[in-house]
Each structure stands twice: as C-alpha cells, then as structure tokens.
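Engineer: After the structure tokens below, expect a handful of questions from me.
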Amino acid sequence: MQLSRDDLKRAYRLMFTIRAFEERVDKEFALGNIPGFAHVYLGQEASGVGVCFDLSDEDWIGSTHRGHGHCIAKGCDVKGMMLEIMGKAGGLCGGKGGSMHIADMSKGMLGANAIVGGSPPIAVGAALTQKVGKTGKVAVAFSGDGASNQGTVFEALNMAVVLQVPAIFVFENNGYGEHTASSYAVGAPSIADRVQSFGLPCEVVDGMDFFAVREAMGRALEHARSGRGPYALESRCKRFLGHFVGDPQAYRTPEELAEARAADALPRFRFGVTEAGLLSQDELDAVEAAVLAEIEDAVQVALAAPFPDPGRDLTRDVYLKYA
C-alpha cells in the first residue's frame, strides 16, 4: 500500500534519527561521556523502522543489546535516551539502565536486553497476555543471528506455536554474532529454514530496504492479529561498525566494509522517493536539519544533567509492578 507523504517523511525521520543518534553516541563515547559499553545499530535502520512502523504503543517489543534503533523506531524519547546512556538521573530508566537496558513501558518498549536470546521468551509471555486479554495486539521479539542458536530462543519458538500466541520473531541477520561470522556459527542453511521447522511461517526479507521490511511485517501483523499464531522474519542487513563502539573489526576486510556502506538504506530511500516524485530533496534535507538540532539539544541537556543520587535513588525502581 502506498504511503502518504507524511508517512514517508516519518519513515525517513525515524531512520535518520537512528543514524544521527548513533553517530553522536559513537562520538560522545570516544570523548568519555558515556560509561560502560555501547553497541550501535548503524546500518540496520531500515529493519527496525520497517518492523515498528505500523505498531501502536499497545503493541510490545523486546530488543537486544544493540537496541537504540529499536527504541527510536518504537517512539522512545531521544532526549530521555541520551540522558539514560550517559547515566543521568532524568534518563528513561533513571540513569541506572544504560545503553543495554533502555525500556519505556508507555511506548510498548519492554527493554533492550544484554542477554543473548533474552527477548523471545519475554515476548512470548507478553504475547500470551495479549491473547488472554483479547487485545488484538502483538508482541515482537528482536534477535540477532547469534541469538538464533540459543536454547532459550528454541523454547520460545516452540511455546509460541503450542500456545498459538500473537508473537512475531524478527531475526536481524547482520552476518556476525559479536566477532564470529554467522557462516561459521549458524549450523543450518538459513535461519528461516530452521525457524520454520518449529511450525510457523518465516519470511526472508531485505533488511536494507524499508519498504520490503514494512510489507513483510504487514503480512506478519495480519497473520498474528487474526489469531493464526506466531510469525517470523529473517531480516538480512549490514552492520557498519563492530560489535561494540571501538571494535577495530580486524576480522572484516576493507572490501566487505565498503560493500556494507554501499548498501546503505538511507540514500536508497532518498533515491527511491525523489525519483518517484513522492518527496523532494529539499523536504528530506529539512527533515535531516530538524533531527540534527534535536540530537544536539539532547546531548547538551544530557551533558549538563546530574547523575542519580546514590542515597536516594540506589534502591528505587528495583522492581516494577505491571498491573
């Protein structure tokens, strides 16, 4: 279905926000302004935005350790995220979650997850809640190619089929689990073939193409919302940077890195919509300018913000009451 001009601008804004946010995270980490580790999503913007584009705040998603892009695609506040990543008190999790644990229940964001393969079991529970409550909503689990080898993921796939819950499993196959190529570590011809053996449909989609991902997700949503049980996507995409910020990527050749950049989803989107006369270069440039101003404001606010007060905040938010 053809998107409206406003929808196209929203899609580009979300993808460019992820790009600008992550490039700034990379810079601020190098300056020592971000504690701990950071794992950026650069290169995979079309995948996360395509999956989340037609979800509401009442649909749940669970993410991975590379979760900034999923948070932004689901509508989490950029300023709150930057505060969180810098460990400041006004962050989405009070500055105590950091890069790998950003959550925002008001947006249906169950949380990024540092446990490889941690999201699918959580999403099955959330999907069961949607089924029992007859909400017509879904739960989406993001995982990587490395996580596709985890036993927790196998159990979640099996349970989702047994219980026929509205869960959608999205495997973002960027070719690497940390520093190990999926061609070595994934012992099956394809992730999709393995997933389908559990008894649910699984599509392979070009994760560098927003439109292809959104269309495939539309079929997944129609399937899950109509009570026909779980669905899965294998989104094949490119990781621009390493496993963590600062990873020199000695295990990838210069040619491979250049090939990944050549497949960049953002210029591909720009070319497609401008060639078709759907949006102009000036309109897209205006979107980028607005986003860059938003990111700059978020960074300055976060740099100036206070850290949590250990005496007051250390034991707060340890437990969350869902209902």
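Note on naming: chains are A, B, ... as they come in the structure tokens, residues start from 1 per chain, ligands start from 1 in the order shown.
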Within 7 Å of segment 308-313 of chain A, counting only C-alpha atoms, which residues show up once you throw out same-chain ones fewer than 3 positions away? Write them as a list in words, please.
Structural biologist: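 My list of contacting residues is Lys88, Ala89, Gly95 and Arg316 of chain A.
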Engineer: What parts of segment 94-286 of chain A does DSSP call strand (DSSP E)? I'd like the answer as a list in words.
Structural biologist: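 Here are the strand (DSSP E) residues of segment 94-286 of chain A: Ala139, Val140, Ala141, Phe142, Ser143, Gly144, Ala167, Ile168, Phe169, Val170, Phe171, Glu172, Asn173, Tyr176, Gly177, Thr180, Ala181, Cys202, Glu203, Val204, Val205, Asp206, Tyr231, Ala232, Leu233, Glu234, Ser235 and Arg236 of chain A.
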Engineer: Output C-alpha atoms for every residue in the selection just made, as a PDB file, in the first residue's frame.
Structural biologist:
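Saved as result-v4.pdb:
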```
ATOM      1  CA  ALA A 139       4.480  -8.799  20.870  1.00  0.00           C
ATOM      2  CA  VAL A 140       7.636  -8.604  18.747  1.00  0.00           C
ATOM      3  CA  ALA A 141      10.974 -10.143  19.695  1.00  0.00           C
ATOM      4  CA  PHE A 142      14.140  -8.824  18.042  1.00  0.00           C
ATOM      5  CA  SER A 143      17.107 -11.199  17.974  1.00  0.00           C
ATOM      6  CA  GLY A 144      20.364 -11.429  16.069  1.00  0.00           C
ATOM      7  CA  ALA A 167       4.214 -13.229  18.717  1.00  0.00           C
ATOM      8  CA  ILE A 168       6.406 -12.062  15.830  1.00  0.00           C
ATOM      9  CA  PHE A 169      10.049 -13.123  15.923  1.00  0.00           C
ATOM     10  CA  VAL A 170      12.422 -10.859  13.977  1.00  0.00           C
ATOM     11  CA  PHE A 171      15.923 -12.247  13.399  1.00  0.00           C
ATOM     12  CA  GLU A 172      18.186  -9.423  12.221  1.00  0.00           C
ATOM     13  CA  ASN A 173      20.928 -11.323  10.451  1.00  0.00           C
ATOM     14  CA  TYR A 176      28.067 -11.531  12.785  1.00  0.00           C
ATOM     15  CA  GLY A 177      27.468 -12.678  16.345  1.00  0.00           C
ATOM     16  CA  THR A 180      32.126 -14.516  14.679  1.00  0.00           C
ATOM     17  CA  ALA A 181      30.645 -14.813  11.204  1.00  0.00           C
ATOM     18  CA  CYS A 202       9.151 -17.314   8.337  1.00  0.00           C
ATOM     19  CA  GLU A 203       9.949 -14.889   5.516  1.00  0.00           C
ATOM     20  CA  VAL A 204      13.383 -13.758   4.384  1.00  0.00           C
ATOM     21  CA  VAL A 205      13.444 -10.019   3.708  1.00  0.00           C
ATOM     22  CA  ASP A 206      15.991  -7.467   2.526  1.00  0.00           C
ATOM     23  CA  TYR A 231       5.121 -15.476  12.562  1.00  0.00           C
ATOM     24  CA  ALA A 232       8.796 -14.791  11.918  1.00  0.00           C
ATOM     25  CA  LEU A 233      11.042 -12.699   9.685  1.00  0.00           C
ATOM     26  CA  GLU A 234      14.721 -13.115   8.878  1.00  0.00           C
ATOM     27  CA  SER A 235      15.860  -9.587   8.067  1.00  0.00           C
ATOM     28  CA  ARG A 236      19.209  -9.709   6.259  1.00  0.00           C
TER      29      ARG A 236
END
```
Engineer: Find the spatial neighbours of Gly117 of chain A, counting only C-alpha atoms, within a cut-off of 10 Å - ignore same-chain residues fewer than 4 positions away - and output them as a PDB file with N, CA and C atoms, in the first residue's frame.
Structural biologist:
```pdb
ATOM      1  N   SER A  63      13.948  -6.094  22.802  1.00  0.00           N
ATOM      2  CA  SER A  63      15.095  -5.787  21.962  1.00  0.00           C
ATOM      3  C   SER A  63      16.325  -6.597  22.372  1.00  0.00           C
ATOM      4  N   THR A  64      17.451  -6.214  21.794  1.00  0.00           N
ATOM      5  CA  THR A  64      18.735  -6.882  22.028  1.00  0.00           C
ATOM      6  C   THR A  64      19.686  -5.908  22.731  1.00  0.00           C
ATOM      7  N   HIS A  65      20.972  -6.302  22.831  1.00  0.00           N
ATOM      8  CA  HIS A  65      21.957  -5.370  23.382  1.00  0.00           C
ATOM      9  C   HIS A  65      22.229  -4.220  22.399  1.00  0.00           C
ATOM     10  N   ASN A 113      18.116  -5.755  25.921  1.00  0.00           N
ATOM     11  CA  ASN A 113      18.434  -6.908  26.748  1.00  0.00           C
ATOM     12  C   ASN A 113      19.860  -7.354  26.486  1.00  0.00           C
ATOM     13  N   PRO A 121      11.759 -15.234  24.866  1.00  0.00           N
ATOM     14  CA  PRO A 121      10.905 -15.739  25.945  1.00  0.00           C
ATOM     15  C   PRO A 121      10.044 -14.640  26.565  1.00  0.00           C
ATOM     16  N   ILE A 122      10.599 -13.445  26.707  1.00  0.00           N
ATOM     17  CA  ILE A 122       9.823 -12.332  27.269  1.00  0.00           C
ATOM     18  C   ILE A 122       8.670 -11.979  26.336  1.00  0.00           C
ATOM     19  N   ALA A 141       9.672  -9.855  19.096  1.00  0.00           N
ATOM     20  CA  ALA A 141      10.974 -10.143  19.695  1.00  0.00           C
ATOM     21  C   ALA A 141      12.065  -9.930  18.648  1.00  0.00           C
ATOM     22  N   PHE A 142      12.959  -8.987  18.901  1.00  0.00           N
ATOM     23  CA  PHE A 142      14.140  -8.824  18.042  1.00  0.00           C
ATOM     24  C   PHE A 142      15.263  -9.719  18.561  1.00  0.00           C
ATOM     25  N   SER A 143      15.932 -10.395  17.640  1.00  0.00           N
ATOM     26  CA  SER A 143      17.107 -11.199  17.974  1.00  0.00           C
ATOM     27  C   SER A 143      18.115 -11.063  16.842  1.00  0.00           C
ATOM     28  N   GLY A 144      19.353 -11.429  17.112  1.00  0.00           N
ATOM     29  CA  GLY A 144      20.364 -11.429  16.069  1.00  0.00           C
ATOM     30  C   GLY A 144      20.620 -12.838  15.551  1.00  0.00           C
ATOM     31  N   ASP A 145      21.527 -12.946  14.586  1.00  0.00           N
ATOM     32  CA  ASP A 145      21.851 -14.267  14.045  1.00  0.00           C
ATOM     33  C   ASP A 145      22.531 -15.134  15.098  1.00  0.00           C
ATOM     34  N   GLY A 146      23.329 -14.510  15.962  1.00  0.00           N
ATOM     35  CA  GLY A 146      23.957 -15.276  17.032  1.00  0.00           C
ATOM     36  C   GLY A 146      22.932 -15.841  17.991  1.00  0.00           C
ATOM     37  N   ALA A 147      21.922 -15.039  18.323  1.00  0.00           N
ATOM     38  CA  ALA A 147      20.878 -15.482  19.251  1.00  0.00           C
ATOM     39  C   ALA A 147      20.033 -16.602  18.669  1.00  0.00           C
ATOM     40  N   SER A 148      20.030 -16.737  17.343  1.00  0.00           N
ATOM     41  CA  SER A 148      19.216 -17.798  16.733  1.00  0.00           C
ATOM     42  C   SER A 148      19.723 -19.181  17.113  1.00  0.00           C
ATOM     43  N   ASN A 149      20.923 -19.257  17.693  1.00  0.00           N
ATOM     44  CA  ASN A 149      21.487 -20.544  18.125  1.00  0.00           C
ATOM     45  C   ASN A 149      21.156 -20.884  19.573  1.00  0.00           C
ATOM     46  N   GLN A 150      20.493 -19.978  20.287  1.00  0.00           N
ATOM     47  CA  GLN A 150      20.288 -20.161  21.727  1.00  0.00           C
ATOM     48  C   GLN A 150      19.104 -21.068  22.042  1.00  0.00           C
ATOM     49  N   GLY A 151      19.262 -21.883  23.074  1.00  0.00           N
ATOM     50  CA  GLY A 151      18.179 -22.765  23.504  1.00  0.00           C
ATOM     51  C   GLY A 151      16.958 -22.016  23.970  1.00  0.00           C
ATOM     52  N   THR A 152      17.163 -20.857  24.597  1.00  0.00           N
ATOM     53  CA  THR A 152      16.016 -20.062  25.045  1.00  0.00           C
ATOM     54  C   THR A 152      15.139 -19.650  23.860  1.00  0.00           C
ATOM     55  N   VAL A 153      15.790 -19.386  22.723  1.00  0.00           N
ATOM     56  CA  VAL A 153      15.046 -18.998  21.523  1.00  0.00           C
ATOM     57  C   VAL A 153      14.254 -20.194  20.994  1.00  0.00           C
ATOM     58  N   PHE A 154      14.869 -21.375  20.996  1.00  0.00           N
ATOM     59  CA  PHE A 154      14.161 -22.574  20.538  1.00  0.00           C
ATOM     60  C   PHE A 154      12.927 -22.830  21.411  1.00  0.00           C
ATOM     61  N   ALA A 156      11.241 -20.671  23.133  1.00  0.00           N
ATOM     62  CA  ALA A 156      10.244 -19.624  22.879  1.00  0.00           C
ATOM     63  C   ALA A 156       9.496 -19.887  21.582  1.00  0.00           C
TER      64      ALA A 156
END
```
Engineer: Please produce, as a Markdown table, a per-residue contact table for segment 26-144 of chain A versus segment 265-282 of chain A (criterion: any atom at most 9 Å away, only C-alpha atoms considered), showing the nearest atom pair and its distance in Å to one decimal, sorted by chain then residue number.
Structural biologist:
```
| residue | atom | partner | partner_atom | distance |
| --- | --- | --- | --- | --- |
| A:Gly43 | CA | A:Ala265 | CA | 7.2 |
| A:Gln44 | CA | A:Ala265 | CA | 7.9 |
| A:Glu45 | CA | A:Ala265 | CA | 7.3 |
| A:Ala46 | CA | A:Ala265 | CA | 6.1 |
```
Engineer: Using only C-alpha atoms, which of the listed residues (A:Ala250, A:Ile102, A:Leu55, A:Leu163) sits closest to Thr129 of chain A?
Structural biologist: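 Using only C-alpha atoms, Thr129 of chain A sits closest to A:Leu163.
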Engineer: Expressed in Å to a single decimal, how great is the separation between atom CA of Ala126 of chain A and atom CA of Gly199 of chain A?
Structural biologist: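 Atom CA of Gly199 of chain A lies 20.0 Å from atom CA of Ala126 of chain A.
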Engineer: Using only C-alpha atoms, determine which residues lie at most 12 Å from Arg252 of chain A, disregarding the query and same-chain residues fewer than 4 positions distant; provide the list as a PDB file with all heavy atoms, in the first residue's frame.
Structural biologist:
```pdb
ATOM      1  N   GLY A 175      25.130 -10.879   9.839  1.00  0.00           N
ATOM      2  CA  GLY A 175      26.305 -11.656   9.432  1.00  0.00           C
ATOM      3  C   GLY A 175      27.314 -11.923  10.523  1.00  0.00           C
ATOM      4  O   GLY A 175      28.266 -12.679  10.300  1.00  0.00           O
ATOM      5  N   TYR A 176      27.092 -11.338  11.709  1.00  0.00           N
ATOM      6  CA  TYR A 176      28.067 -11.531  12.785  1.00  0.00           C
ATOM      7  C   TYR A 176      27.381 -11.630  14.147  1.00  0.00           C
ATOM      8  O   TYR A 176      26.518 -10.814  14.488  1.00  0.00           O
ATOM      9  CB  TYR A 176      29.078 -10.373  12.843  1.00  0.00           C
ATOM     10  CG  TYR A 176      30.060 -10.419  11.702  1.00  0.00           C
ATOM     11  CD1 TYR A 176      29.788  -9.750  10.516  1.00  0.00           C
ATOM     12  CD2 TYR A 176      31.228 -11.179  11.795  1.00  0.00           C
ATOM     13  CE1 TYR A 176      30.671  -9.813   9.451  1.00  0.00           C
ATOM     14  CE2 TYR A 176      32.108 -11.252  10.731  1.00  0.00           C
ATOM     15  CZ  TYR A 176      31.830 -10.567   9.569  1.00  0.00           C
ATOM     16  OH  TYR A 176      32.696 -10.652   8.505  1.00  0.00           O
ATOM     17  N   HIS A 179      32.023 -11.218  17.170  1.00  0.00           N
ATOM     18  CA  HIS A 179      33.101 -11.161  16.187  1.00  0.00           C
ATOM     19  C   HIS A 179      33.138 -12.399  15.291  1.00  0.00           C
ATOM     20  O   HIS A 179      34.097 -12.596  14.541  1.00  0.00           O
ATOM     21  CB  HIS A 179      34.455 -11.010  16.890  1.00  0.00           C
ATOM     22  CG  HIS A 179      34.457  -9.990  17.983  1.00  0.00           C
ATOM     23  ND1 HIS A 179      34.455 -10.320  19.319  1.00  0.00           N
ATOM     24  CD2 HIS A 179      34.409  -8.639  17.937  1.00  0.00           C
ATOM     25  CE1 HIS A 179      34.435  -9.225  20.053  1.00  0.00           C
ATOM     26  NE2 HIS A 179      34.398  -8.191  19.246  1.00  0.00           N
ATOM     27  N   THR A 180      32.121 -13.245  15.400  1.00  0.00           N
ATOM     28  CA  THR A 180      32.126 -14.516  14.679  1.00  0.00           C
ATOM     29  C   THR A 180      31.100 -14.491  13.557  1.00  0.00           C
ATOM     30  O   THR A 180      29.933 -14.167  13.775  1.00  0.00           O
ATOM     31  CB  THR A 180      31.800 -15.674  15.645  1.00  0.00           C
ATOM     32  OG1 THR A 180      32.743 -15.647  16.724  1.00  0.00           O
ATOM     33  CG2 THR A 180      31.898 -17.008  14.935  1.00  0.00           C
ATOM     34  N   ALA A 181      31.538 -14.850  12.361  1.00  0.00           N
ATOM     35  CA  ALA A 181      30.645 -14.813  11.204  1.00  0.00           C
ATOM     36  C   ALA A 181      29.542 -15.860  11.339  1.00  0.00           C
ATOM     37  O   ALA A 181      29.792 -16.987  11.781  1.00  0.00           O
ATOM     38  CB  ALA A 181      31.441 -15.056   9.924  1.00  0.00           C
ATOM     39  N   ARG A 239      25.909  -4.603   9.131  1.00  0.00           N
ATOM     40  CA  ARG A 239      26.397  -3.870  10.311  1.00  0.00           C
ATOM     41  C   ARG A 239      27.563  -3.012   9.873  1.00  0.00           C
ATOM     42  O   ARG A 239      28.575  -3.540   9.421  1.00  0.00           O
ATOM     43  CB  ARG A 239      26.818  -4.898  11.373  1.00  0.00           C
ATOM     44  CG  ARG A 239      27.048  -4.324  12.753  1.00  0.00           C
ATOM     45  CD  ARG A 239      27.421  -5.431  13.738  1.00  0.00           C
ATOM     46  NE  ARG A 239      28.849  -5.770  13.682  1.00  0.00           N
ATOM     47  CZ  ARG A 239      29.418  -6.776  14.344  1.00  0.00           C
ATOM     48  NH1 ARG A 239      28.673  -7.567  15.108  1.00  0.00           N
ATOM     49  NH2 ARG A 239      30.714  -7.009  14.262  1.00  0.00           N
ATOM     50  N   PHE A 240      27.455  -1.682  10.019  1.00  0.00           N
ATOM     51  CA  PHE A 240      28.525  -0.793   9.565  1.00  0.00           C
ATOM     52  C   PHE A 240      29.747  -0.852  10.488  1.00  0.00           C
ATOM     53  O   PHE A 240      30.884  -0.856  10.023  1.00  0.00           O
ATOM     54  CB  PHE A 240      28.024   0.652   9.495  1.00  0.00           C
ATOM     55  CG  PHE A 240      27.106   0.940   8.331  1.00  0.00           C
ATOM     56  CD1 PHE A 240      26.539   2.194   8.168  1.00  0.00           C
ATOM     57  CD2 PHE A 240      26.808  -0.038   7.387  1.00  0.00           C
ATOM     58  CE1 PHE A 240      25.705   2.473   7.091  1.00  0.00           C
ATOM     59  CE2 PHE A 240      25.965   0.220   6.317  1.00  0.00           C
ATOM     60  CZ  PHE A 240      25.419   1.483   6.169  1.00  0.00           C
ATOM     61  N   LEU A 241      29.505  -0.840  11.791  1.00  0.00           N
ATOM     62  CA  LEU A 241      30.619  -0.813  12.742  1.00  0.00           C
ATOM     63  C   LEU A 241      30.757  -2.181  13.418  1.00  0.00           C
ATOM     64  O   LEU A 241      30.075  -3.140  13.065  1.00  0.00           O
ATOM     65  CB  LEU A 241      30.417   0.291  13.773  1.00  0.00           C
ATOM     66  CG  LEU A 241      30.346   1.725  13.211  1.00  0.00           C
ATOM     67  CD1 LEU A 241      30.303   2.732  14.351  1.00  0.00           C
ATOM     68  CD2 LEU A 241      31.526   2.029  12.295  1.00  0.00           C
ATOM     69  N   GLY A 242      31.619  -2.243  14.414  1.00  0.00           N
ATOM     70  CA  GLY A 242      31.915  -3.508  15.050  1.00  0.00           C
ATOM     71  C   GLY A 242      30.911  -3.910  16.105  1.00  0.00           C
ATOM     72  O   GLY A 242      29.855  -3.296  16.252  1.00  0.00           O
ATOM     73  N   HIS A 243      31.270  -4.950  16.845  1.00  0.00           N
ATOM     74  CA  HIS A 243      30.360  -5.443  17.881  1.00  0.00           C
ATOM     75  C   HIS A 243      30.086  -4.370  18.923  1.00  0.00           C
ATOM     76  O   HIS A 243      28.958  -4.187  19.354  1.00  0.00           O
ATOM     77  CB  HIS A 243      30.974  -6.682  18.537  1.00  0.00           C
ATOM     78  CG  HIS A 243      30.225  -7.144  19.737  1.00  0.00           C
ATOM     79  ND1 HIS A 243      28.876  -7.425  19.714  1.00  0.00           N
ATOM     80  CD2 HIS A 243      30.630  -7.329  21.041  1.00  0.00           C
ATOM     81  CE1 HIS A 243      28.477  -7.789  20.929  1.00  0.00           C
ATOM     82  NE2 HIS A 243      29.514  -7.730  21.738  1.00  0.00           N
ATOM     83  N   ASP A 247      35.462  -1.258  18.522  1.00  0.00           N
ATOM     84  CA  ASP A 247      35.914  -2.534  17.947  1.00  0.00           C
ATOM     85  C   ASP A 247      36.615  -2.244  16.610  1.00  0.00           C
ATOM     86  O   ASP A 247      36.000  -1.720  15.686  1.00  0.00           O
ATOM     87  CB  ASP A 247      34.688  -3.428  17.739  1.00  0.00           C
ATOM     88  CG  ASP A 247      35.018  -4.757  17.066  1.00  0.00           C
ATOM     89  OD1 ASP A 247      36.206  -5.015  16.800  1.00  0.00           O
ATOM     90  OD2 ASP A 247      34.066  -5.527  16.813  1.00  0.00           O
ATOM     91  N   PRO A 248      37.902  -2.600  16.448  1.00  0.00           N
ATOM     92  CA  PRO A 248      38.619  -2.276  15.208  1.00  0.00           C
ATOM     93  C   PRO A 248      38.213  -3.145  14.020  1.00  0.00           C
ATOM     94  O   PRO A 248      38.624  -2.879  12.891  1.00  0.00           O
ATOM     95  CB  PRO A 248      40.083  -2.504  15.584  1.00  0.00           C
ATOM     96  CG  PRO A 248      40.042  -3.504  16.693  1.00  0.00           C
ATOM     97  CD  PRO A 248      38.786  -3.194  17.469  1.00  0.00           C
ATOM     98  N   GLU A 256      34.756  -5.751   2.376  1.00  0.00           N
ATOM     99  CA  GLU A 256      33.462  -6.094   2.981  1.00  0.00           C
ATOM    100  C   GLU A 256      32.829  -4.865   3.633  1.00  0.00           C
ATOM    101  O   GLU A 256      31.613  -4.643   3.523  1.00  0.00           O
ATOM    102  CB  GLU A 256      33.644  -7.199   4.021  1.00  0.00           C
ATOM    103  CG  GLU A 256      32.327  -7.623   4.657  1.00  0.00           C
ATOM    104  CD  GLU A 256      32.506  -8.624   5.794  1.00  0.00           C
ATOM    105  OE1 GLU A 256      33.584  -9.231   5.880  1.00  0.00           O
ATOM    106  OE2 GLU A 256      31.565  -8.770   6.580  1.00  0.00           O
ATOM    107  N   LEU A 257      33.645  -4.076   4.306  1.00  0.00           N
ATOM    108  CA  LEU A 257      33.111  -2.872   4.950  1.00  0.00           C
ATOM    109  C   LEU A 257      32.597  -1.877   3.902  1.00  0.00           C
ATOM    110  O   LEU A 257      31.549  -1.244   4.096  1.00  0.00           O
ATOM    111  CB  LEU A 257      34.194  -2.222   5.817  1.00  0.00           C
ATOM    112  CG  LEU A 257      34.637  -3.061   7.032  1.00  0.00           C
ATOM    113  CD1 LEU A 257      35.832  -2.406   7.712  1.00  0.00           C
ATOM    114  CD2 LEU A 257      33.493  -3.222   8.018  1.00  0.00           C
ATOM    115  N   ALA A 258      33.326  -1.777   2.784  1.00  0.00           N
ATOM    116  CA  ALA A 258      32.877  -0.879   1.716  1.00  0.00           C
ATOM    117  C   ALA A 258      31.570  -1.375   1.104  1.00  0.00           C
ATOM    118  O   ALA A 258      30.673  -0.582   0.777  1.00  0.00           O
ATOM    119  CB  ALA A 258      33.961  -0.761   0.650  1.00  0.00           C
ATOM    120  N   GLU A 259      31.443  -2.680   0.986  1.00  0.00           N
ATOM    121  CA  GLU A 259      30.212  -3.265   0.429  1.00  0.00           C
ATOM    122  C   GLU A 259      29.016  -2.976   1.332  1.00  0.00           C
ATOM    123  O   GLU A 259      27.916  -2.680   0.859  1.00  0.00           O
ATOM    124  CB  GLU A 259      30.395  -4.777   0.269  1.00  0.00           C
ATOM    125  CG  GLU A 259      29.195  -5.486  -0.316  1.00  0.00           C
ATOM    126  CD  GLU A 259      29.386  -6.997  -0.369  1.00  0.00           C
ATOM    127  OE1 GLU A 259      30.540  -7.449  -0.252  1.00  0.00           O
ATOM    128  OE2 GLU A 259      28.390  -7.708  -0.522  1.00  0.00           O
ATOM    129  N   ALA A 260      29.245  -3.046   2.652  1.00  0.00           N
ATOM    130  CA  ALA A 260      28.159  -2.748   3.589  1.00  0.00           C
ATOM    131  C   ALA A 260      27.706  -1.301   3.443  1.00  0.00           C
ATOM    132  O   ALA A 260      26.507  -1.002   3.388  1.00  0.00           O
ATOM    133  CB  ALA A 260      28.620  -3.023   5.027  1.00  0.00           C
TER     134      ALA A 260
END
```
Engineer: Can you list, as a short mmCIF file (atom, residue, chain, number, x, y, z; two decimals) with all heavy atoms, in the first residue's frame, every protein, DNA or RNA residue that comes within 10 Å of Glu296 of chain A when you count only C-alpha atoms, leaving out same-chain residues fewer than 6 positions away?
Structural biologist:
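So around_18.cif came out as:
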```
data_model
loop_
_atom_site.label_atom_id
_atom_site.label_comp_id
_atom_site.auth_asym_id
_atom_site.auth_seq_id
_atom_site.Cartn_x
_atom_site.Cartn_y
_atom_site.Cartn_z
N ALA A 20 21.69 9.58 13.13
CA ALA A 20 22.33 10.73 13.78
C ALA A 20 22.58 10.47 15.27
O ALA A 20 23.62 10.85 15.83
CB ALA A 20 21.46 11.97 13.60
N PHE A 21 21.62 9.81 15.90
CA PHE A 21 21.76 9.50 17.33
C PHE A 21 22.96 8.58 17.56
O PHE A 21 23.79 8.82 18.45
CB PHE A 21 20.47 8.82 17.82
CG PHE A 21 20.44 8.52 19.29
CD1 PHE A 21 19.94 9.45 20.19
CD2 PHE A 21 20.90 7.31 19.78
CE1 PHE A 21 19.90 9.18 21.55
CE2 PHE A 21 20.87 7.03 21.13
CZ PHE A 21 20.37 7.97 22.02
N ARG A 24 26.32 10.16 17.02
CA ARG A 24 26.68 11.02 18.15
C ARG A 24 27.08 10.18 19.37
O ARG A 24 27.99 10.57 20.12
CB ARG A 24 25.50 11.94 18.50
CG ARG A 24 25.89 13.07 19.41
CD ARG A 24 26.98 13.96 18.80
NE ARG A 24 27.43 15.00 19.69
CZ ARG A 24 26.95 16.24 19.69
NH1 ARG A 24 26.01 16.58 18.80
NH2 ARG A 24 27.39 17.16 20.53
N LYS A 79 15.72 12.49 23.89
CA LYS A 79 16.41 13.16 24.99
C LYS A 79 16.50 12.22 26.20
O LYS A 79 17.55 12.14 26.86
CB LYS A 79 15.68 14.46 25.35
CG LYS A 79 16.43 15.34 26.32
CD LYS A 79 15.67 16.63 26.59
CE LYS A 79 15.56 17.47 25.33
NZ LYS A 79 14.85 18.75 25.55
N ALA A 302 21.84 16.39 28.25
CA ALA A 302 22.38 15.24 28.97
C ALA A 302 23.74 15.56 29.61
O ALA A 302 24.01 15.14 30.75
CB ALA A 302 22.51 14.04 28.01
#
```
